[in-house]
>>> print(open('input-v8.txt').read())   # compact mmCIF, C-alpha atoms
# COMPACT_ATOMS: atom_id res chain seq x y z
CA MET W 1 -10.37 -20.94 -5.35
CA SER W 2 -10.89 -20.44 -9.05
CA SER W 3 -8.61 -18.72 -11.49
CA ILE W 4 -8.45 -17.64 -15.07
CA VAL W 5 -5.53 -19.05 -17.00
CA GLY W 6 -4.35 -17.28 -20.10
CA GLU W 7 -2.19 -18.46 -22.97
CA GLU W 8 1.47 -17.51 -23.08
CA MET W 9 1.31 -14.03 -24.58
CA PRO W 10 4.09 -11.49 -25.02
CA VAL W 11 4.18 -8.09 -23.46
CA LYS W 12 3.73 -5.10 -25.72
CA ASN W 13 6.57 -5.23 -28.29
CA ARG W 14 7.53 -1.58 -27.79
CA ILE W 15 7.54 -2.05 -24.02
CA GLY W 16 9.80 -5.06 -24.48
CA GLU W 17 12.19 -2.90 -26.47
CA MET W 18 12.19 -0.37 -23.61
CA SER W 19 12.91 -2.92 -20.89
CA GLU W 20 16.60 -2.05 -20.49
CA THR W 21 15.75 1.64 -20.21
CA ILE W 22 13.04 0.94 -17.64
CA THR W 23 15.57 -1.11 -15.67
CA GLU W 24 18.04 1.80 -15.73
CA TRP W 25 15.37 4.16 -14.38
CA ARG W 26 14.37 1.68 -11.71
CA ARG W 27 17.89 1.05 -10.47
CA ASP W 28 18.63 4.76 -10.32
CA PHE W 29 15.55 5.24 -8.11
CA HIS W 30 16.68 2.26 -6.05
CA GLU W 31 20.08 3.81 -5.43
CA HIS W 32 18.50 7.07 -4.30
CA PRO W 33 15.52 6.17 -2.10
CA GLU W 34 13.43 8.94 -0.55
CA VAL W 35 11.04 8.51 2.36
CA MET W 36 7.47 9.74 2.88
CA TYR W 37 6.88 13.17 1.29
CA ASP W 38 10.59 13.89 0.85
CA VAL W 39 10.61 12.55 -2.72
CA HIS W 40 11.95 15.70 -4.34
CA ARG W 41 14.65 14.05 -6.46
CA THR W 42 12.34 11.28 -7.65
CA ALA W 43 9.51 13.69 -8.43
CA ALA W 44 11.83 16.01 -10.35
CA ILE W 45 13.09 13.13 -12.49
CA VAL W 46 9.54 11.94 -13.13
CA ALA W 47 8.40 15.43 -14.14
CA LYS W 48 11.37 15.88 -16.51
CA LYS W 49 10.81 12.53 -18.19
CA LEU W 50 7.11 13.24 -18.65
CA LYS W 51 8.08 16.51 -20.31
CA ASP W 52 10.60 14.73 -22.53
CA PHE W 53 7.94 12.19 -23.52
CA GLY W 54 5.69 15.02 -24.69
CA CYS W 55 2.91 14.80 -22.12
CA ASP W 56 0.24 17.43 -22.68
CA GLU W 57 0.31 18.73 -19.12
CA ILE W 58 2.55 18.19 -16.10
CA VAL W 59 1.65 19.45 -12.64
CA GLU W 60 3.94 19.12 -9.64
CA GLY W 61 3.17 19.52 -5.96
CA ILE W 62 -0.14 17.64 -5.97
CA GLY W 63 -0.55 15.91 -2.62
CA LYS W 64 2.44 17.93 -1.36
CA THR W 65 5.13 16.34 -3.57
CA GLY W 66 3.19 14.25 -6.09
CA VAL W 67 3.40 14.63 -9.87
CA VAL W 68 0.50 14.44 -12.32
CA GLY W 69 0.98 13.93 -16.05
CA ILE W 70 -1.76 14.22 -18.68
CA ILE W 71 -1.75 12.41 -22.02
CA LYS W 72 -4.57 12.96 -24.50
CA GLY W 73 -5.46 10.34 -27.07
CA GLN W 74 -5.62 10.74 -30.83
CA SER W 75 -9.23 11.62 -30.10
CA THR W 76 -10.91 12.88 -26.96
CA ALA W 77 -14.44 12.68 -28.35
CA SER W 78 -15.43 10.12 -25.73
CA SER W 79 -14.42 12.55 -22.94
CA ARG W 80 -13.53 9.50 -20.83
CA VAL W 81 -10.67 9.78 -18.34
CA ILE W 82 -8.65 6.98 -16.75
CA ALA W 83 -6.08 7.50 -13.99
CA LEU W 84 -3.06 5.23 -13.43
CA ARG W 85 -1.17 5.43 -10.14
CA ALA W 86 2.35 4.57 -8.98
CA ASP W 87 3.84 5.27 -5.54
CA MET W 88 7.35 6.78 -5.35
CA ASP W 89 8.44 6.60 -1.70
CA ALA W 90 10.85 4.22 0.06
CA LEU W 91 11.08 2.91 3.61
CA PRO W 92 13.26 4.05 6.55
CA MET W 93 15.28 0.81 6.52
CA THR W 94 18.87 -0.25 5.98
CA GLU W 95 19.47 -2.36 2.87
CA ILE W 96 21.62 -5.49 3.13
CA THR W 97 21.37 -6.85 -0.44
CA GLY W 98 24.93 -6.00 -1.44
CA LEU W 99 23.70 -5.26 -4.96
CA PRO W 100 25.78 -2.94 -7.17
CA TYR W 101 22.81 -0.55 -7.26
CA ALA W 102 22.01 -0.84 -3.55
CA SER W 103 20.82 2.22 -1.66
CA LYS W 104 23.35 5.02 -1.28
CA ILE W 105 21.18 6.74 1.31
CA LYS W 106 21.83 5.73 4.91
CA GLY W 107 18.73 4.41 6.66
CA ALA W 108 16.53 4.36 3.56
CA MET W 109 15.79 1.69 0.96
CA HIS W 110 13.22 0.71 -1.63
CA ALA W 111 12.08 -2.36 0.31
CA CYS W 112 8.58 -2.43 -1.18
CA GLY W 113 9.25 -2.03 -4.89
CA HIS W 114 7.95 1.48 -5.37
CA ASP W 115 11.04 2.12 -7.48
CA GLY W 116 9.68 -0.52 -9.85
CA HIS W 117 6.16 0.87 -9.74
CA THR W 118 7.42 4.33 -10.71
CA ALA W 119 9.61 2.97 -13.51
CA MET W 120 6.78 0.85 -14.93
CA LEU W 121 4.37 3.77 -15.06
CA LEU W 122 7.05 5.90 -16.71
CA GLY W 123 7.46 3.17 -19.33
CA ALA W 124 3.72 3.14 -19.94
CA ALA W 125 3.72 6.93 -20.12
CA GLN W 126 6.40 6.98 -22.81
CA TYR W 127 4.53 4.38 -24.86
CA LEU W 128 1.18 6.15 -24.53
CA ALA W 129 2.67 9.53 -25.40
CA GLU W 130 4.27 8.02 -28.52
CA THR W 131 1.25 6.09 -29.79
CA ARG W 132 -1.83 7.84 -28.34
CA ASN W 133 -3.86 4.93 -29.66
CA PHE W 134 -6.92 5.69 -27.56
CA ASP W 135 -9.96 7.94 -27.37
CA GLY W 136 -9.94 9.95 -24.16
CA THR W 137 -7.44 11.14 -21.56
CA VAL W 138 -4.95 9.37 -19.30
CA VAL W 139 -4.02 10.90 -15.95
CA LEU W 140 -0.74 9.62 -14.52
CA LEU W 141 -0.55 9.82 -10.73
CA PHE W 142 2.94 9.61 -9.22
CA GLN W 143 2.25 9.57 -5.49
CA PRO W 144 4.41 10.22 -2.42
CA ALA W 145 4.09 8.79 1.09
CA GLU W 146 2.26 5.52 0.62
CA GLU W 147 4.28 4.03 3.47
CA GLY W 148 2.32 5.46 6.37
CA GLY W 149 1.89 9.03 5.17
CA ALA W 150 -1.45 8.67 3.33
CA GLY W 151 -0.13 10.38 0.21
CA GLY W 152 -3.02 8.90 -1.74
CA LEU W 153 -5.46 10.71 0.52
CA GLU W 154 -3.50 13.95 0.14
CA MET W 155 -3.72 13.73 -3.64
CA VAL W 156 -7.47 13.12 -3.44
CA LYS W 157 -7.88 16.03 -1.01
CA ASP W 158 -5.90 18.17 -3.44
CA GLY W 159 -8.67 17.57 -5.96
CA VAL W 160 -6.84 15.27 -8.36
CA MET W 161 -9.98 13.33 -9.26
CA ASP W 162 -12.22 16.36 -9.75
CA ARG W 163 -9.68 18.64 -11.41
CA TRP W 164 -9.11 16.19 -14.27
CA GLN W 165 -12.60 14.64 -14.14
CA VAL W 166 -11.29 11.12 -13.58
CA ASP W 167 -13.81 8.35 -14.29
CA GLU W 168 -11.80 5.33 -13.14
CA VAL W 169 -8.50 4.71 -11.36
CA TYR W 170 -6.13 1.72 -11.48
CA GLY W 171 -3.01 0.70 -9.61
CA LEU W 172 -0.78 -2.32 -9.06
CA HIS W 173 1.71 -3.71 -6.58
CA ASN W 174 4.46 -6.26 -7.02
CA TYR W 175 3.96 -9.55 -5.16
CA PRO W 176 6.94 -11.66 -4.04
CA GLY W 177 6.26 -15.39 -4.28
CA LEU W 178 4.00 -15.02 -7.32
CA PRO W 179 5.83 -15.98 -10.55
CA VAL W 180 6.94 -13.17 -12.84
CA GLY W 181 4.35 -12.64 -15.56
CA GLU W 182 1.42 -13.68 -13.38
CA PHE W 183 -1.24 -11.40 -11.94
CA ALA W 184 -3.62 -11.84 -8.99
CA ILE W 185 -6.76 -9.89 -8.16
CA ARG W 186 -10.24 -10.21 -6.71
CA SER W 187 -13.40 -8.16 -6.74
CA GLY W 188 -14.29 -6.64 -3.38
CA ALA W 189 -11.89 -6.50 -0.45
CA LEU W 190 -8.32 -7.16 -1.57
CA MET W 191 -6.36 -5.56 1.29
CA ALA W 192 -7.26 -4.75 4.88
CA SER W 193 -7.71 -1.56 6.84
CA ALA W 194 -4.86 -0.53 9.15
CA ASP W 195 -5.73 0.93 12.56
CA GLN W 196 -3.42 1.37 15.52
CA PHE W 197 -3.82 1.69 19.26
CA GLU W 198 -1.79 2.96 22.19
CA ILE W 199 -2.74 2.08 25.77
CA GLU W 200 -1.40 3.64 28.95
CA ILE W 201 -2.05 1.76 32.20
CA THR W 202 -1.55 3.60 35.47
CA GLY W 203 -1.38 1.92 38.88
CA LYS W 204 0.55 2.47 42.08
CA GLY W 205 4.25 1.81 41.96
CA GLY W 206 6.26 0.42 44.82
CA HIS W 207 8.73 -2.16 46.07
CA ALA W 208 8.60 -5.51 44.28
CA ALA W 209 8.92 -7.25 47.65
CA GLU W 210 5.69 -5.65 48.84
CA PRO W 211 3.20 -6.04 45.98
CA HIS W 212 0.25 -5.82 48.38
CA GLN W 213 1.01 -2.12 48.78
CA THR W 214 0.95 -1.49 45.02
CA VAL W 215 -1.39 -1.64 42.05
CA ASP W 216 0.66 -3.79 39.71
CA THR W 217 0.55 -2.34 36.21
CA THR W 218 2.61 -5.18 34.77
CA LEU W 219 0.03 -7.73 35.88
CA ALA W 220 -2.88 -5.61 34.64
CA SER W 221 -1.19 -4.99 31.31
CA ALA W 222 -0.37 -8.65 30.79
CA GLN W 223 -4.01 -9.55 31.39
CA ILE W 224 -5.06 -6.87 28.87
CA VAL W 225 -2.72 -8.30 26.21
CA VAL W 226 -4.22 -11.75 26.68
CA ALA W 227 -7.82 -10.52 26.90
CA LEU W 228 -7.56 -8.54 23.68
CA GLN W 229 -7.02 -11.80 21.79
CA SER W 230 -10.56 -12.83 22.70
CA ILE W 231 -12.07 -10.16 20.46
CA VAL W 232 -11.37 -11.91 17.16
CA SER W 233 -12.00 -15.42 18.52
CA ARG W 234 -15.19 -14.65 20.48
CA ASN W 235 -16.72 -11.42 19.15
CA VAL W 236 -16.02 -11.33 15.41
CA GLN W 237 -18.08 -13.57 13.14
CA ALA W 238 -15.88 -16.41 11.91
CA ILE W 239 -16.44 -15.60 8.24
CA ARG W 240 -15.22 -12.01 8.72
CA PRO W 241 -11.41 -12.04 8.87
CA ALA W 242 -9.72 -9.78 11.43
CA VAL W 243 -6.32 -9.48 13.10
CA LEU W 244 -5.36 -7.80 16.36
CA SER W 245 -1.65 -7.83 17.17
CA THR W 246 0.05 -6.39 20.23
CA THR W 247 3.42 -5.22 18.98
CA SER W 248 4.89 -3.37 21.96
CA PHE W 249 4.61 -3.83 25.75
CA HIS W 250 6.90 -2.03 28.18
CA THR W 251 6.92 -0.33 31.58
CA GLU W 252 8.76 2.64 33.00
CA SER W 253 10.87 0.32 35.16
CA ASN W 254 14.11 -1.30 34.05
CA THR W 255 15.18 -2.83 37.33
CA PHE W 256 14.44 -6.04 39.28
CA ASN W 257 12.87 -4.68 42.45
CA VAL W 258 10.44 -1.97 41.36
CA ILE W 259 6.80 -2.44 40.45
CA PRO W 260 6.25 0.33 37.88
CA GLN W 261 3.70 3.09 38.17
CA THR W 262 2.91 3.04 34.44
CA ALA W 263 2.90 0.54 31.57
CA TYR W 264 2.39 0.98 27.84
CA ILE W 265 0.95 -1.22 25.09
CA LYS W 266 0.84 -0.65 21.33
CA GLY W 267 -0.62 -2.64 18.49
CA THR W 268 -2.51 -2.82 15.23
CA VAL W 269 -5.98 -3.94 14.07
CA ARG W 270 -6.73 -5.17 10.56
CA CYS W 271 -10.06 -6.06 8.93
CA PHE W 272 -12.00 -5.84 5.68
CA ASP W 273 -15.34 -4.18 6.42
CA THR W 274 -16.79 -1.27 8.38
CA HIS W 275 -18.92 -3.40 10.72
CA THR W 276 -15.95 -5.45 11.90
CA ARG W 277 -13.80 -2.35 12.17
CA ASP W 278 -16.36 -0.66 14.43
CA LEU W 279 -16.74 -3.79 16.54
CA MET W 280 -12.99 -4.20 17.02
CA GLU W 281 -12.58 -0.62 18.23
CA HIS W 282 -15.59 -0.80 20.55
CA ARG W 283 -14.60 -4.08 22.18
CA LEU W 284 -10.96 -3.05 22.55
CA ASN W 285 -11.96 0.02 24.53
CA GLU W 286 -14.33 -2.01 26.73
CA ILE W 287 -11.87 -4.78 27.47
CA VAL W 288 -8.99 -2.44 28.24
CA ASP W 289 -11.09 -0.37 30.66
CA LEU W 290 -12.74 -3.26 32.49
CA THR W 291 -9.60 -5.38 32.73
CA ALA W 292 -7.55 -2.51 34.11
CA ARG W 293 -10.23 -1.77 36.69
CA THR W 294 -10.37 -5.43 37.71
CA TYR W 295 -6.78 -5.07 38.93
CA GLY W 296 -7.29 -1.65 40.46
CA ALA W 297 -5.55 0.23 37.66
CA LYS W 298 -6.71 2.90 35.22
CA ALA W 299 -6.26 2.81 31.46
CA THR W 300 -6.52 5.30 28.63
CA VAL W 301 -6.76 4.26 24.99
CA LYS W 302 -5.71 6.21 21.92
CA TYR W 303 -7.23 4.47 18.91
CA GLU W 304 -6.41 5.85 15.44
CA ARG W 305 -7.99 4.71 12.22
CA GLY W 306 -5.54 4.48 9.36
CA TYR W 307 -5.96 3.35 5.78
CA PRO W 308 -9.41 1.93 4.97
CA PRO W 309 -9.77 -1.47 3.26
CA THR W 310 -8.81 -1.62 -0.40
CA ILE W 311 -12.10 -2.50 -2.12
CA ASN W 312 -12.01 -3.33 -5.82
CA HIS W 313 -15.10 -2.41 -7.84
CA PRO W 314 -16.64 -5.37 -9.75
CA GLU W 315 -16.86 -3.86 -13.23
CA GLN W 316 -13.38 -2.36 -13.13
CA THR W 317 -11.95 -5.60 -11.70
CA GLN W 318 -13.21 -7.44 -14.77
CA PHE W 319 -11.56 -4.87 -17.03
CA ALA W 320 -8.32 -5.33 -15.10
CA ILE W 321 -8.53 -9.11 -15.51
CA GLU W 322 -8.99 -8.78 -19.26
CA ALA W 323 -6.02 -6.43 -19.55
CA ALA W 324 -3.81 -8.71 -17.45
CA LEU W 325 -4.80 -11.74 -19.52
CA ALA W 326 -3.73 -9.92 -22.67
CA VAL W 327 -0.16 -9.29 -21.48
CA GLY W 328 0.50 -11.83 -18.72
CA THR W 329 0.92 -15.58 -18.47
CA ARG W 330 -1.80 -16.24 -15.91
CA VAL W 331 -4.40 -14.35 -13.87
CA ASN W 332 -5.82 -15.59 -10.57
CA SER W 333 -9.14 -13.78 -10.47
CA GLU W 334 -10.09 -14.91 -6.97
CA THR W 335 -6.88 -14.51 -5.04
CA ASP W 336 -7.12 -14.52 -1.26
CA PRO W 337 -7.32 -11.06 0.34
CA VAL W 338 -4.29 -10.03 2.40
CA MET W 339 -3.95 -8.19 5.70
CA PRO W 340 -1.41 -5.49 4.76
CA ALA W 341 -2.96 -2.11 3.94
CA GLU W 342 -2.62 0.27 1.00
CA ASP W 343 -3.53 3.94 0.67
CA PHE W 344 -4.73 3.40 -2.90
CA SER W 345 -7.88 2.58 -0.92
CA TYR W 346 -8.59 6.32 -0.66
CA MET W 347 -8.54 6.62 -4.44
CA LEU W 348 -10.93 3.68 -4.74
CA GLU W 349 -13.25 5.43 -2.31
CA ALA W 350 -13.17 8.50 -4.56
CA ARG W 351 -13.61 6.70 -7.89
CA PRO W 352 -14.40 3.24 -9.25
CA GLY W 353 -11.30 1.23 -10.02
CA ALA W 354 -9.19 -1.80 -9.28
CA TYR W 355 -5.88 -2.77 -7.71
CA ILE W 356 -3.92 -5.79 -8.92
CA PHE W 357 -0.89 -7.80 -7.79
CA LEU W 358 1.98 -8.46 -10.21
CA GLY W 359 4.33 -11.41 -9.70
CA ASN W 360 7.81 -10.49 -8.47
CA GLY W 361 9.19 -14.03 -8.51
CA ASP W 362 11.09 -15.83 -5.78
CA THR W 363 12.40 -12.80 -3.88
CA ALA W 364 12.48 -11.67 -0.27
CA MET W 365 9.15 -10.35 0.95
CA CYS W 366 8.34 -6.65 0.88
CA HIS W 367 9.70 -4.70 3.87
CA HIS W 368 12.61 -7.13 4.23
CA PRO W 369 16.17 -5.68 4.13
CA GLU W 370 17.10 -8.15 1.35
CA TYR W 371 14.10 -7.34 -0.86
CA ASP W 372 14.63 -6.22 -4.45
CA PHE W 373 12.15 -5.52 -7.22
CA SER W 374 12.44 -7.95 -10.14
CA ASP W 375 13.32 -6.07 -13.32
CA GLU W 376 11.91 -8.98 -15.32
CA ALA W 377 8.47 -8.03 -14.01
CA ALA W 378 8.61 -4.46 -15.27
CA PRO W 379 7.60 -5.11 -18.91
CA PHE W 380 4.51 -6.96 -17.70
CA GLY W 381 3.47 -4.12 -15.41
CA ALA W 382 4.06 -1.40 -18.00
CA SER W 383 2.23 -3.44 -20.65
CA TYR W 384 -0.67 -3.95 -18.25
CA PHE W 385 -1.08 -0.19 -17.79
CA VAL W 386 -1.00 0.34 -21.56
CA GLU W 387 -3.46 -2.47 -22.23
CA LEU W 388 -5.88 -1.03 -19.67
CA VAL W 389 -5.88 2.31 -21.46
CA GLU W 390 -6.18 0.93 -24.98
CA LYS W 391 -8.98 -1.45 -23.95
CA ARG W 392 -10.99 0.99 -21.83
CA LEU W 393 -10.50 3.95 -24.14
CA SER W 394 -10.77 2.12 -27.45
CA SER W 395 -11.81 4.42 -30.26
>>> encode(input="input-v8.txt", output="structure tokens")
Amino acid sequence: MSSIVGEEMPVKNRIGEMSETITEWRRDFHEHPEVMYDVHRTAAIVAKKLKDFGCDEIVEGIGKTGVVGIIKGQSTASSRVIALRADMDALPMTEITGLPYASKIKGAMHACGHDGHTAMLLGAAQYLAETRNFDGTVVLLFQPAEEGGAGGLEMVKDGVMDRWQVDEVYGLHNYPGLPVGEFAIRSGALMASADQFEIEITGKGGHAAEPHQTVDTTLASAQIVVALQSIVSRNVQAIRPAVLSTTSFHTESNTFNVIPQTAYIKGTVRCFDTHTRDLMEHRLNEIVDLTARTYGAKATVKYERGYPPTINHPEQTQFAIEAALAVGTRVNSETDPVMPAEDFSYMLEARPGAYIFLGNGDTAMCHHPEYDFSDEAAPFGASYFVELVEKRLSS
């Protein structure tokens, strides 16, 4: 694995001066997490701050509850337009950090750092609205429902790219385990697709002491769970990463002496390219059907495709690397791709762009009840957004 190592360079001075304010915004969002599209408080605060900063246009309700802010440069002669995106939503989890600014909302917490993403983009917005040291237009995308609701897709479907004639789009995500101040990115597939499946196996229930008079759905289902693991190991080319995980397996029986009539299996499939994605779905359906029939049972499969892979565009990835080098301490330009999914992928399907990871330090992993965004990372993220604009839209 190769990497690009930059010299120790400070964040933007003005962003550094704003760091305490950005932290205050972030911790307020953290205390008041909102899930999926129900981000009304967060969106209202974002819209008000964009107005206070002097943004040229603010539009609410894009992608149901998203907010779009427009900042024009000192010149717009180039007519170029860059979009910057931050997600606003939290997760339906209970926080156990014990922090003074811990979630006040029962059953909801910012366990993925979207509070930090929103605060960083607000910091960049304030800086850009003050300086306007660029030639073109910046479109700020504050998105709801990244966590399973496809808010990015909803914003695209609402015409956000066409309405403001966006040329390129950029986003970032904090990365626990990567030192604060460091960035990681790669051209091509950075994050996987996220598909899910539900299987219902029907047999013939009966007394557990007389299995010969039944069609045992537990046995059939267990064989299906095992057989599904052969897809990646024996059907997918070794150089094409893929994951199939069975995450739920239960029957309608909760007693010792009943063979159940019905059993249920759920799981997820992750991969990085369309060919592998098609293969995984096809083979899953075949194996489930044939295995169930082998044991005299019947099976139905509900297979749903979720977020597509997050594919960074080569030219825009290089621009992102240059911007990160200017404000960070180190950039790994060939980081390993990861299996979690991200609905920024829909924006990258609509426009060229790049997604980058920002070090969050030695913290709990995302989606853990003890996770917290590192406020020390915020000046790097906000500076990165600013640097992208000033480099790409240089006058």
>>> residues_near_point(input="input-v8.txt", point="(-10.7, 7.3, -2.2)", cutoff="10 Å", atoms="all atoms listed in the file", output="ChimeraX atom specification")
/W:152-153,155-157,161,169,308,310-311,343-353
>>> write_last_selection(input="input-v8.txt", atoms="C-alpha atoms", output="CSV table (one decimal), in the coordinates of the input")
chain,number,residue,atom,x,y,z
W,152,GLY,CA,-3.0,8.9,-1.7
W,153,LEU,CA,-5.5,10.7,0.5
W,155,MET,CA,-3.7,13.7,-3.6
W,156,VAL,CA,-7.5,13.1,-3.4
W,157,LYS,CA,-7.9,16.0,-1.0
W,161,MET,CA,-10.0,13.3,-9.3
W,169,VAL,CA,-8.5,4.7,-11.4
W,308,PRO,CA,-9.4,1.9,5.0
W,310,THR,CA,-8.8,-1.6,-0.4
W,311,ILE,CA,-12.1,-2.5,-2.1
W,343,ASP,CA,-3.5,3.9,0.7
W,344,PHE,CA,-4.7,3.4,-2.9
W,345,SER,CA,-7.9,2.6,-0.9
W,346,TYR,CA,-8.6,6.3,-0.7
W,347,MET,CA,-8.5,6.6,-4.4
W,348,LEU,CA,-10.9,3.7,-4.7
W,349,GLU,CA,-13.2,5.4,-2.3
W,350,ALA,CA,-13.2,8.5,-4.6
W,351,ARG,CA,-13.6,6.7,-7.9
W,352,PRO,CA,-14.4,3.2,-9.2
W,353,GLY,CA,-11.3,1.2,-10.0
>>> residues_around(input="input-v8.txt", residues="Ser75 in chain W", least_positions_apart="4", cutoff="7 Å", atoms="only C-alpha atoms", output="MDAnalysis selection string")
chainID W and resid 134:136
>>> atom_distance(input="input-v8.txt", atom1="CA of Met109 in chain W", atom2="CA of Asp89 in chain W")
9.2 Å
>>> atom_distance(input="input-v8.txt", atom1="CA of Gly159 in chain W", atom2="CA of His173 in chain W")
23.7 Å
>>> closest_atom_pairs(input="input-v8.txt", of="range 119-216 of chain W", to="range 12-24 of chain W", cutoff="8 Å", atoms="all atoms listed in the file", output="Markdown table")
| residue | atom | partner | partner_atom | distance |
| --- | --- | --- | --- | --- |
| W:Ala119 | CA | W:Ile22 | CA | 5.7 |
| W:Met120 | CA | W:Ile22 | CA | 6.8 |
| W:Leu122 | CA | W:Ile22 | CA | 7.8 |
| W:Gly123 | CA | W:Ile22 | CA | 6.2 |
| W:Ala124 | CA | W:Ile15 | CA | 7.6 |
| W:Tyr127 | CA | W:Ile15 | CA | 7.1 |
>>> residues_near_point(input="input-v8.txt", point="(1.5, -1.3, 30.1)", cutoff="12 Å", atoms="only C-alpha atoms", output="PyMOL selection string")
chain W and resi 198-203+216-225+246-253+259-267+288+292+297-301
>>> atom_distance(input="input-v8.txt", atom1="CA of His313 in chain W", atom2="CA of Cys271 in chain W")
17.9 Å
>>> axis_aligned_box(input="input-v8.txt", around="range 227-243 of chain W", padding_each_side="8 Å", output="AutoDock Vina command-line options")
--center_x -12.2 --center_y -12.5 --center_z 17.6 --size_x 27.8 --size_y 23.9 --size_z 34.7
>>> closest_atom_pairs(input="input-v8.txt", of="range 290-362 of chain W", to="range 191-197 of chain W", cutoff="9 Å", atoms="all atoms listed in the file", output="JSON lines")
{"residue": "W:Val301", "atom": "CA", "partner": "W:Phe197", "partner_atom": "CA", "distance": 6.9}
{"residue": "W:Lys302", "atom": "CA", "partner": "W:Phe197", "partner_atom": "CA", "distance": 5.6}
{"residue": "W:Tyr303", "atom": "CA", "partner": "W:Phe197", "partner_atom": "CA", "distance": 4.4}
{"residue": "W:Glu304", "atom": "CA", "partner": "W:Gln196", "partner_atom": "CA", "distance": 5.4}
{"residue": "W:Arg305", "atom": "CA", "partner": "W:Asp195", "partner_atom": "CA", "distance": 4.4}
{"residue": "W:Gly306", "atom": "CA", "partner": "W:Asp195", "partner_atom": "CA", "distance": 4.8}
{"residue": "W:Tyr307", "atom": "CA", "partner": "W:Ala194", "partner_atom": "CA", "distance": 5.3}
{"residue": "W:Pro308", "atom": "CA", "partner": "W:Ser193", "partner_atom": "CA", "distance": 4.3}
{"residue": "W:Pro309", "atom": "CA", "partner": "W:Ser193", "partner_atom": "CA", "distance": 4.1}
{"residue": "W:Thr310", "atom": "CA", "partner": "W:Met191", "partner_atom": "CA", "distance": 4.9}
{"residue": "W:Ile311", "atom": "CA", "partner": "W:Met191", "partner_atom": "CA", "distance": 7.3}
{"residue": "W:Pro337", "atom": "CA", "partner": "W:Met191", "partner_atom": "CA", "distance": 5.7}
{"residue": "W:Val338", "atom": "CA", "partner": "W:Met191", "partner_atom": "CA", "distance": 5.0}
{"residue": "W:Met339", "atom": "CA", "partner": "W:Ala192", "partner_atom": "CA", "distance": 4.8}
{"residue": "W:Pro340", "atom": "CA", "partner": "W:Ala192", "partner_atom": "CA", "distance": 5.9}
{"residue": "W:Ala341", "atom": "CA", "partner": "W:Ala192", "partner_atom": "CA", "distance": 5.1}
{"residue": "W:Glu342", "atom": "CA", "partner": "W:Met191", "partner_atom": "CA", "distance": 6.9}
{"residue": "W:Ser345", "atom": "CA", "partner": "W:Met191", "partner_atom": "CA", "distance": 8.6}
>>> closest_atom_pairs(input="input-v8.txt", of="range 68-179 of chain W", to="range 34-46 of chain W", cutoff="8 Å", atoms="all atoms listed in the file", output="JSON lines")
{"residue": "W:Met88", "atom": "CA", "partner": "W:Thr42", "partner_atom": "CA", "distance": 7.1}
{"residue": "W:Asp89", "atom": "CA", "partner": "W:Val35", "partner_atom": "CA", "distance": 5.2}
{"residue": "W:Ala90", "atom": "CA", "partner": "W:Val35", "partner_atom": "CA", "distance": 4.9}
{"residue": "W:Leu91", "atom": "CA", "partner": "W:Val35", "partner_atom": "CA", "distance": 5.7}
{"residue": "W:Pro92", "atom": "CA", "partner": "W:Val35", "partner_atom": "CA", "distance": 6.5}
{"residue": "W:Ala108", "atom": "CA", "partner": "W:Glu34", "partner_atom": "CA", "distance": 6.9}
{"residue": "W:Met109", "atom": "CA", "partner": "W:Glu34", "partner_atom": "CA", "distance": 7.8}
{"residue": "W:Leu122", "atom": "CA", "partner": "W:Val46", "partner_atom": "CA", "distance": 7.4}
{"residue": "W:Phe142", "atom": "CA", "partner": "W:Ala43", "partner_atom": "CA", "distance": 7.8}
{"residue": "W:Pro144", "atom": "CA", "partner": "W:Tyr37", "partner_atom": "CA", "distance": 5.3}
{"residue": "W:Ala145", "atom": "CA", "partner": "W:Met36", "partner_atom": "CA", "distance": 3.9}
{"residue": "W:Glu146", "atom": "CA", "partner": "W:Met36", "partner_atom": "CA", "distance": 7.1}
{"residue": "W:Glu147", "atom": "CA", "partner": "W:Met36", "partner_atom": "CA", "distance": 6.6}
{"residue": "W:Gly148", "atom": "CA", "partner": "W:Met36", "partner_atom": "CA", "distance": 7.6}
{"residue": "W:Gly149", "atom": "CA", "partner": "W:Met36", "partner_atom": "CA", "distance": 6.1}
{"residue": "W:Gly151", "atom": "CA", "partner": "W:Tyr37", "partner_atom": "CA", "distance": 7.6}
>>> closest_residue(input="input-v8.txt", among="W:Leu284, W:His30, W:Lys204, W:Gly188", to="Val226 in chain W", atoms="all atoms listed in the file")
W:Leu284
>>> closest_atom_pairs(input="input-v8.txt", of="range 172-278 of chain W", to="range 366-383 of chain W", cutoff="12 Å", atoms="only C-alpha atoms", output="Markdown table")
| residue | atom | partner | partner_atom | distance |
| --- | --- | --- | --- | --- |
| W:Leu172 | CA | W:Gly381 | CA | 7.9 |
| W:His173 | CA | W:Gly381 | CA | 9.0 |
| W:Asn174 | CA | W:Phe373 | CA | 7.7 |
| W:Tyr175 | CA | W:Cys366 | CA | 8.0 |
| W:Pro176 | CA | W:Cys366 | CA | 7.2 |
| W:Gly177 | CA | W:Cys366 | CA | 10.4 |
| W:Leu178 | CA | W:Ala377 | CA | 10.7 |
| W:Pro179 | CA | W:Ala377 | CA | 9.1 |
| W:Val180 | CA | W:Ala377 | CA | 5.5 |
| W:Gly181 | CA | W:Phe380 | CA | 6.1 |
| W:Glu182 | CA | W:Phe380 | CA | 8.6 |
| W:Phe183 | CA | W:Phe380 | CA | 9.3 |
>>> closest_residue(input="input-v8.txt", among="W:Arg26, W:His282, W:Arg85, W:Lys64", to="Asp158 in chain W", atoms="only C-alpha atoms")
W:Lys64
>>> closest_residue(input="input-v8.txt", among="W:Thr294, W:Arg27, W:Ile287, W:Glu322", to="Ala102 in chain W", atoms="all atoms listed in the file")
W:Arg27
